[in-house]
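All remarks here apply to the structure that follows.
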Amino acid sequence: MKPQPFAAGVSAALLAVTLGACGASGTDGETGSGDTAVTLTYWASNQGASLENDKEILTPELEKFTQQTGIKVKLEVVPWSDLTNNTLAAAVSGQGPDVLNIGNTNATTFQSTGAFYPFDDAALQKIGGKDRFVASAFASAGPAGSPPTSIPLYSQVYALYYNKKLFADAGLQPPATWEELVSTAQKLTNPAEKKYGVVIPGGTVNVSMHFSYIFSEQHGGAAFDAAGKPTFTSPGMIKGVKQYVDLVSANKVVNPSAAQYTDSAQAAGDFARGDAAMYMAQTSGINVLTKNGMTPDQYGIVPIPAPAGGTKISSFVAGTNVSIFKNTKHLDAALKFVAFLTSDEEQAILNKSYTTQPTVTGANASFTDDQEKLDAFTTILAEQAKPLPLIPGIQAFQANVGGAVVALIGKAATGTAVSEDDVKAALEEAQLKMGAS
Amino acid sequence: MALTFLKQAARRPAEPSPPAAQPAKRFTWTRLAPYLLILPAVLFELLVHVIPMIVGIFMSFIQLTQFFITNWSAAPFVGTGNYAVALDFSGPLGWQLVRSFLITLGFTVLVVGISFVFGMSAALVLHRLGRGRGFLRTLFLIPYALPAYAGIIIWKFILQRDNGLLNQLLVDGLHLASERPFWLIGGNAFVSVVVVSIWQQWPFAFLMSMAGMQVIPEELYQAAAIDGASTWQQIRFITMRMMKPLNAVLLLLLFLWTFREFNTPYVLFGPTPPEAADLLTVHIYSSSFITWNFGLGSAMSVLLMLFLVVVAGLWALWNRRVNRDA
């Protein structure tokens, strides 16, 4: 009988110790960081060809920041597929990094959660004021009229990359209309040799949304009306989505296997190997292709063409923004870090490494030595890029329309012809889901 | 429960005097000890299971969307609104939930049935095997011992269309098909997720069956053999009968685990699975995490939980009848 109380006492003590330890570890983040040794946690998005590539590019710059300010930065590179979820989890729990990257597509959605620090005029002054930034890039930071919760970091647009050698061998010119793109692609497609005209990351939800948006704009369709209500079943929207899905379905110029590509890097691999002659990608594609062994002299870049008679839209204003987590305990340090990342000098260095366009007017685009490519991207950004609507439902638009298009591509790849009615039905369903959510 | 009760009953005659002698002294360490011992388990159970469950049920009654995730208390109370959306079968969310439910039901029946038959057969064979038993048992248990993620990711490689092992075998090796089939999108995705899940689940069925068979006394078989019972009759009348209670628990566990399987479909297909393999747990995950509507996702989770509670309840009723009959 004697040992029983003893055992009970021991287990109670153990429990107390365990719970105490839990409590202690919960507060760990706050302690040990006086003004002298602040460590910021930075979630960087995967901009490079791999997570390793990102670490190589960022680490020397972060060390420079530590030298200048004495503030240490703990870097975590997060793949895009996890970034939104991790950020969401951080927003819900209030436990997150101090500074983080977001896709500018999501800027308005995240702003609506209230999880990020709003850059009021005083804060904007600390990073040099908003007039330092390229207007089109800064417009993507959040809806006008309220302080933005993100600051543009890297700007990008879509373009059509084509393999110069494959085009020259077949005596072809880069396409100027969508019809030309399709006929050119058909000439370059030879399934028996596993050669295809175009490669798309068919299983990737966000990219599917991007192309749905771009192509529907080419057909004069809009995803949302002026009041921000979804209009996914407008004729232009249906035609635009069908134009994209038809690459796999009717035109058969895409390797059906691409329907399984859930990452745009997989598509880049096909293009770099010469298995696909054309590839629609953002500016950072230059860096990704280099890492895949394809040098910039091997491909040309032109705007993604619109159908003859359509509106000449070939991209939206894409890019990555940087935000400060509202719960940060080191706001001043975080602001210093954002100021560092958006300084003219760092903008020039980082955007050159990532082959993206700087978001500040003080740094010139220098992502490639090839003037032709620089001009092509600059023209697209200035003349043929239309920003995505700045509404909170944009994340749901991406999930529902992007998801629907991925499913349509899957259907087309497994041999089912996708008709206009199928597209309409899928978009109708996506729109109904928007209403419910 | 019954066991502790029996023990207490057996102990009672041994200590005849104290209860009458000190009725006033309520608090004793001896009396408190069992509760103190169970306290850590209860606390952790509350922390890990019960509290999150209650929070989940609460979430299902509020409109917890992107606008309120940093401040739950501001989320408007919508009563059964989320349930109405989830169960409105004329809307896309409702009928997709039903479709997902039916797919999951079919998936579960197939996986549990086949795993059970595999496990039982392998246990029967091994039970009668002399040499090599230990080796085969270890071999069969490998899928169960592997980290789930690693195992499934290997399957994902095998099932790739262009350079997956399966298509190499079917198309390039055996020339069974001219066109390379897809295994991770389209209708075949269902077959893939069933096969991978069976691969994962059956070792557990095997382990349990094997353990069950080992406690059946050898004399029963000897007696039956003397009476002239064939091997098949021994299996049918001795092994299967003796294992009925164990099989009942095994089937329930397999059903519950398989029905709420998340790893396999998520690792194979990612957050947007093909229609044919749209299992309920991933479906709910997409409905809440991808579209940021946690209230709706919670309502769907509560419905899933209710269904599993009903299954477990029906099982308990059936099991009581079986035990009474036995």
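So you can find residues: chains in the structure tokens are A, B, ... in the order shown, residues in each start at 1, and ligands are numbered from 1 in order.
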(request) Write out as an MDAnalysis selection string the residues lying within 10 Å of segment 175-180 of chain A, counting only C-alpha atoms and excluding same-chain residues fewer than 3 positions away. (result) chainID A and resid 160 162 172 183:186 243 302:310 312
(message) Excluding segment 143-154 of chain B and its own-chain neighbours fewer than 3 positions away, which residues fall within 7 Å of it when counting only C-alpha atoms? Please give them as a list in words.
(response) Phe157, Ile158, Trp199, Gln200, Pro203, Phe204, Thr264, Val267 and Leu268 of chain B
Generate a file of the selected residues that holds N, CA and C atoms, formatted as a PDB file, in the first residue's frame.
ATOM      1  N   PHE B 157       6.277   7.928 -57.206  1.00  0.00           N
ATOM      2  CA  PHE B 157       7.249   7.762 -58.295  1.00  0.00           C
ATOM      3  C   PHE B 157       6.854   6.591 -59.193  1.00  0.00           C
ATOM      4  N   ILE B 158       6.488   5.485 -58.552  1.00  0.00           N
ATOM      5  CA  ILE B 158       6.120   4.293 -59.324  1.00  0.00           C
ATOM      6  C   ILE B 158       4.965   4.593 -60.270  1.00  0.00           C
ATOM      7  N   TRP B 199      -1.773  -1.614 -49.304  1.00  0.00           N
ATOM      8  CA  TRP B 199      -0.363  -1.896 -49.022  1.00  0.00           C
ATOM      9  C   TRP B 199       0.005  -1.422 -47.618  1.00  0.00           C
ATOM     10  N   GLN B 200      -0.570  -0.283 -47.225  1.00  0.00           N
ATOM     11  CA  GLN B 200      -0.259   0.258 -45.905  1.00  0.00           C
ATOM     12  C   GLN B 200      -1.016  -0.424 -44.774  1.00  0.00           C
ATOM     13  N   PRO B 203      -0.707  -4.992 -43.286  1.00  0.00           N
ATOM     14  CA  PRO B 203       0.169  -5.558 -42.259  1.00  0.00           C
ATOM     15  C   PRO B 203      -0.428  -5.476 -40.859  1.00  0.00           C
ATOM     16  N   PHE B 204      -1.219  -4.440 -40.604  1.00  0.00           N
ATOM     17  CA  PHE B 204      -1.848  -4.335 -39.291  1.00  0.00           C
ATOM     18  C   PHE B 204      -2.861  -5.453 -39.096  1.00  0.00           C
ATOM     19  N   THR B 264      -2.371   9.278 -47.328  1.00  0.00           N
ATOM     20  CA  THR B 264      -2.223   8.640 -48.628  1.00  0.00           C
ATOM     21  C   THR B 264      -2.750   9.528 -49.759  1.00  0.00           C
ATOM     22  N   VAL B 267      -0.593  12.938 -50.035  1.00  0.00           N
ATOM     23  CA  VAL B 267       0.755  12.834 -50.589  1.00  0.00           C
ATOM     24  C   VAL B 267       0.699  12.423 -52.056  1.00  0.00           C
ATOM     25  N   LEU B 268      -0.244  11.542 -52.410  1.00  0.00           N
ATOM     26  CA  LEU B 268      -0.333  11.098 -53.800  1.00  0.00           C
ATOM     27  C   LEU B 268      -0.796  12.215 -54.725  1.00  0.00           C
TER      28      LEU B 268
END
(request) Would you mind writing down, as a ChimeraX atom specification, each residue of segment 48-127 of chain A that DSSP on the backbone assigns to helix (DSSP H, G or I)? (result) /A:51-69,80-93,104-113,121-126
Using only C-alpha atoms, which residues of chain B come within 7 Å of chain A, and what is the closest atom pair for each, with the distance in Å to one decimal? Give it as JSON lines, sorted by chain and residue number.
{"residue": "B:Trp29", "atom": "CA", "partner": "A:Pro5", "partner_atom": "CA", "distance": 5.5}
{"residue": "B:Thr30", "atom": "CA", "partner": "A:Pro5", "partner_atom": "CA", "distance": 6.4}
{"residue": "B:Ala33", "atom": "CA", "partner": "A:Ala8", "partner_atom": "CA", "distance": 5.6}
{"residue": "B:Leu36", "atom": "CA", "partner": "A:Ala8", "partner_atom": "CA", "distance": 5.4}
{"residue": "B:Leu37", "atom": "CA", "partner": "A:Ala8", "partner_atom": "CA", "distance": 5.4}
{"residue": "B:Pro40", "atom": "CA", "partner": "A:Leu15", "partner_atom": "CA", "distance": 6.2}
{"residue": "B:Gln66", "atom": "CA", "partner": "A:Thr113", "partner_atom": "CA", "distance": 5.4}
{"residue": "B:Phe67", "atom": "CA", "partner": "A:Thr113", "partner_atom": "CA", "distance": 4.7}
{"residue": "B:Phe68", "atom": "CA", "partner": "A:Thr113", "partner_atom": "CA", "distance": 6.4}
{"residue": "B:Ile69", "atom": "CA", "partner": "A:Val92", "partner_atom": "CA", "distance": 5.3}
{"residue": "B:Thr70", "atom": "CA", "partner": "A:Val92", "partner_atom": "CA", "distance": 5.2}
{"residue": "B:Pro92", "atom": "CA", "partner": "A:Glu429", "partner_atom": "CA", "distance": 6.0}
{"residue": "B:Leu93", "atom": "CA", "partner": "A:Lys433", "partner_atom": "CA", "distance": 6.6}
{"residue": "B:Arg161", "atom": "CA", "partner": "A:Ser257", "partner_atom": "CA", "distance": 6.4}
{"residue": "B:Asp162", "atom": "CA", "partner": "A:Ser257", "partner_atom": "CA", "distance": 6.8}
{"residue": "B:Phe182", "atom": "CA", "partner": "A:Thr414", "partner_atom": "CA", "distance": 6.9}
{"residue": "B:Ile185", "atom": "CA", "partner": "A:Gly410", "partner_atom": "CA", "distance": 6.3}
{"residue": "B:Gly186", "atom": "CA", "partner": "A:Thr414", "partner_atom": "CA", "distance": 6.1}
{"residue": "B:Thr272", "atom": "CA", "partner": "A:Gly403", "partner_atom": "CA", "distance": 6.8}
{"residue": "B:Pro274", "atom": "CA", "partner": "A:Ala407", "partner_atom": "CA", "distance": 6.8}
{"residue": "B:Ile290", "atom": "CA", "partner": "A:Ala399", "partner_atom": "CA", "distance": 6.3}
{"residue": "B:Thr291", "atom": "CA", "partner": "A:Ala396", "partner_atom": "CA", "distance": 5.2}
{"residue": "B:Asn293", "atom": "CA", "partner": "A:Ser437", "partner_atom": "CA", "distance": 6.2}
Could those residues be written to a file, using N, CA and C atoms, as a short mmCIF file (atom, residue, chain, number, x, y, z; two decimals), in the first residue's frame?
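And here is the file that came out, result-v6.cif:
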data_model
loop_
_atom_site.label_atom_id
_atom_site.label_comp_id
_atom_site.auth_asym_id
_atom_site.auth_seq_id
_atom_site.Cartn_x
_atom_site.Cartn_y
_atom_site.Cartn_z
N TRP B 29 -4.61 9.14 1.12
CA TRP B 29 -3.79 9.04 -0.08
C TRP B 29 -4.14 7.79 -0.87
N THR B 30 -4.45 6.73 -0.11
CA THR B 30 -4.76 5.46 -0.76
C THR B 30 -5.96 5.61 -1.67
N ALA B 33 -5.03 7.87 -4.69
CA ALA B 33 -3.96 7.44 -5.60
C ALA B 33 -4.42 7.12 -7.03
N LEU B 36 -5.10 10.27 -8.90
CA LEU B 36 -3.89 11.02 -9.20
C LEU B 36 -3.12 10.37 -10.35
N LEU B 37 -3.13 9.03 -10.34
CA LEU B 37 -2.40 8.32 -11.38
C LEU B 37 -3.02 8.55 -12.75
N PRO B 40 -2.78 12.67 -15.19
CA PRO B 40 -2.04 13.13 -16.39
C PRO B 40 -2.70 12.69 -17.69
N GLN B 66 -11.72 34.45 -43.91
CA GLN B 66 -10.46 35.20 -43.87
C GLN B 66 -10.55 36.50 -43.08
N PHE B 67 -11.77 37.08 -43.02
CA PHE B 67 -11.91 38.38 -42.38
C PHE B 67 -11.80 38.30 -40.86
N PHE B 68 -11.96 37.09 -40.32
CA PHE B 68 -12.04 36.99 -38.86
C PHE B 68 -11.00 36.06 -38.26
N ILE B 69 -10.09 35.50 -39.09
CA ILE B 69 -9.21 34.48 -38.52
C ILE B 69 -8.25 35.03 -37.49
N THR B 70 -7.96 36.33 -37.53
CA THR B 70 -7.06 36.84 -36.49
C THR B 70 -7.84 37.29 -35.26
N PRO B 92 -23.22 23.19 -55.41
CA PRO B 92 -22.02 22.40 -55.73
C PRO B 92 -21.29 21.91 -54.48
N LEU B 93 -21.26 22.70 -53.40
CA LEU B 93 -20.54 22.27 -52.21
C LEU B 93 -21.22 21.06 -51.58
N ARG B 161 3.42 8.87 -64.95
CA ARG B 161 3.03 8.38 -66.28
C ARG B 161 4.25 8.12 -67.17
N ASP B 162 5.17 9.09 -67.24
CA ASP B 162 6.22 8.98 -68.24
C ASP B 162 7.36 8.05 -67.84
N PHE B 182 -2.57 7.05 -67.27
CA PHE B 182 -2.33 7.91 -66.12
C PHE B 182 -2.74 7.15 -64.87
N ILE B 185 -4.01 10.90 -62.17
CA ILE B 185 -5.17 11.73 -62.49
C ILE B 185 -6.17 10.87 -63.25
N GLY B 186 -7.41 11.36 -63.39
CA GLY B 186 -8.43 10.59 -64.09
C GLY B 186 -8.95 9.45 -63.23
N THR B 272 -5.42 19.33 -54.41
CA THR B 272 -6.57 19.25 -55.32
C THR B 272 -6.57 17.90 -56.02
N PRO B 274 -7.83 14.43 -57.99
CA PRO B 274 -8.76 14.20 -59.09
C PRO B 274 -10.12 13.77 -58.55
N ILE B 290 -7.98 25.76 -48.32
CA ILE B 290 -7.68 26.36 -49.62
C ILE B 290 -8.59 27.55 -49.87
N THR B 291 -9.83 27.45 -49.43
CA THR B 291 -10.73 28.57 -49.67
C THR B 291 -10.91 29.41 -48.41
N ASN B 293 -12.30 28.98 -45.55
CA ASN B 293 -13.60 29.06 -44.90
C ASN B 293 -13.64 27.99 -43.81
#
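Taking atom CA of Asn104 of chain A and atom CA of Ser140 of chain A as the two end points, the separation is 6.1 Å.
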(message) as a PyMOL selection string, please: every residue in segment 182-251 of chain A that a backbone DSSP assignment puts in strand (DSSP E).
(response) chain A and resi 196-199
(message) Using only C-alpha atoms, can you tell me which of B:Gln96, B:Ser90, B:Thr104, B:Gln214 comes closest to Leu279 of chain B?
(response)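 Using only C-alpha atoms, the shortest distance to Leu279 of chain B belongs to B:Thr104.
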(message) Nearest residue to Phe61 of chain B out of B:Asn82, B:Ser73, B:Asn167, B:Gln160, using only C-alpha atoms?
(response)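 Ranked by minimum distance to Phe61 of chain B, first place goes to B:Asn82.
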(request) Write out as an MDAnalysis selection string which residues come within 8 Å of Thr233 of chain A when counting only C-alpha atoms, dropping same-chain ones fewer than 2 positions away. (result) chainID A and resid 231 235 237:238 424 427:428 431
(message) Between atom CA of Phe269 of chain B and atom CA of Tyr261 of chain A, what distance in Å does the model show, to one decimal?
(response)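 Computed distance, atom CA of Phe269 of chain B to atom CA of Tyr261 of chain A, equals 11.0 Å.
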(request) May I ask which of the residues B:Leu87, B:Ser60, B:Leu251, B:His127 is the closest one to Glu218 of chain B, counting only C-alpha atoms? (result)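 Of the candidates, the smallest distance to Glu218 of chain B is held by B:His127.
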Just the residues within 9 Å of Leu335 of chain A, please, counting only C-alpha atoms, with nothing from its chain fewer than 4 positions along; format it as an mmCIF file with C-alpha atoms, in the first residue's frame.
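Result written to selection_14.cif:
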data_model
loop_
_atom_site.group_PDB
_atom_site.id
_atom_site.type_symbol
_atom_site.label_atom_id
_atom_site.label_comp_id
_atom_site.auth_asym_id
_atom_site.auth_seq_id
_atom_site.Cartn_x
_atom_site.Cartn_y
_atom_site.Cartn_z
ATOM 1 C CA VAL A 99 9.010 39.477 -41.879
ATOM 2 C CA ALA A 123 6.196 53.760 -41.674
ATOM 3 C CA LYS A 126 11.027 54.964 -42.835
ATOM 4 C CA ILE A 127 11.470 52.976 -46.025
ATOM 5 C CA ILE A 324 5.699 42.553 -41.509
ATOM 6 C CA HIS A 330 10.791 43.797 -33.197
ATOM 7 C CA LEU A 331 8.880 46.268 -35.327
ATOM 8 C CA ALA A 339 14.049 49.297 -45.878
ATOM 9 C CA PHE A 340 17.208 47.275 -46.547
#
(request) Enter the distance from atom CA of Leu124 of chain A to atom CA of Ser136 of chain A, in Å, rounded to one decimal. (result) 17.0 Å
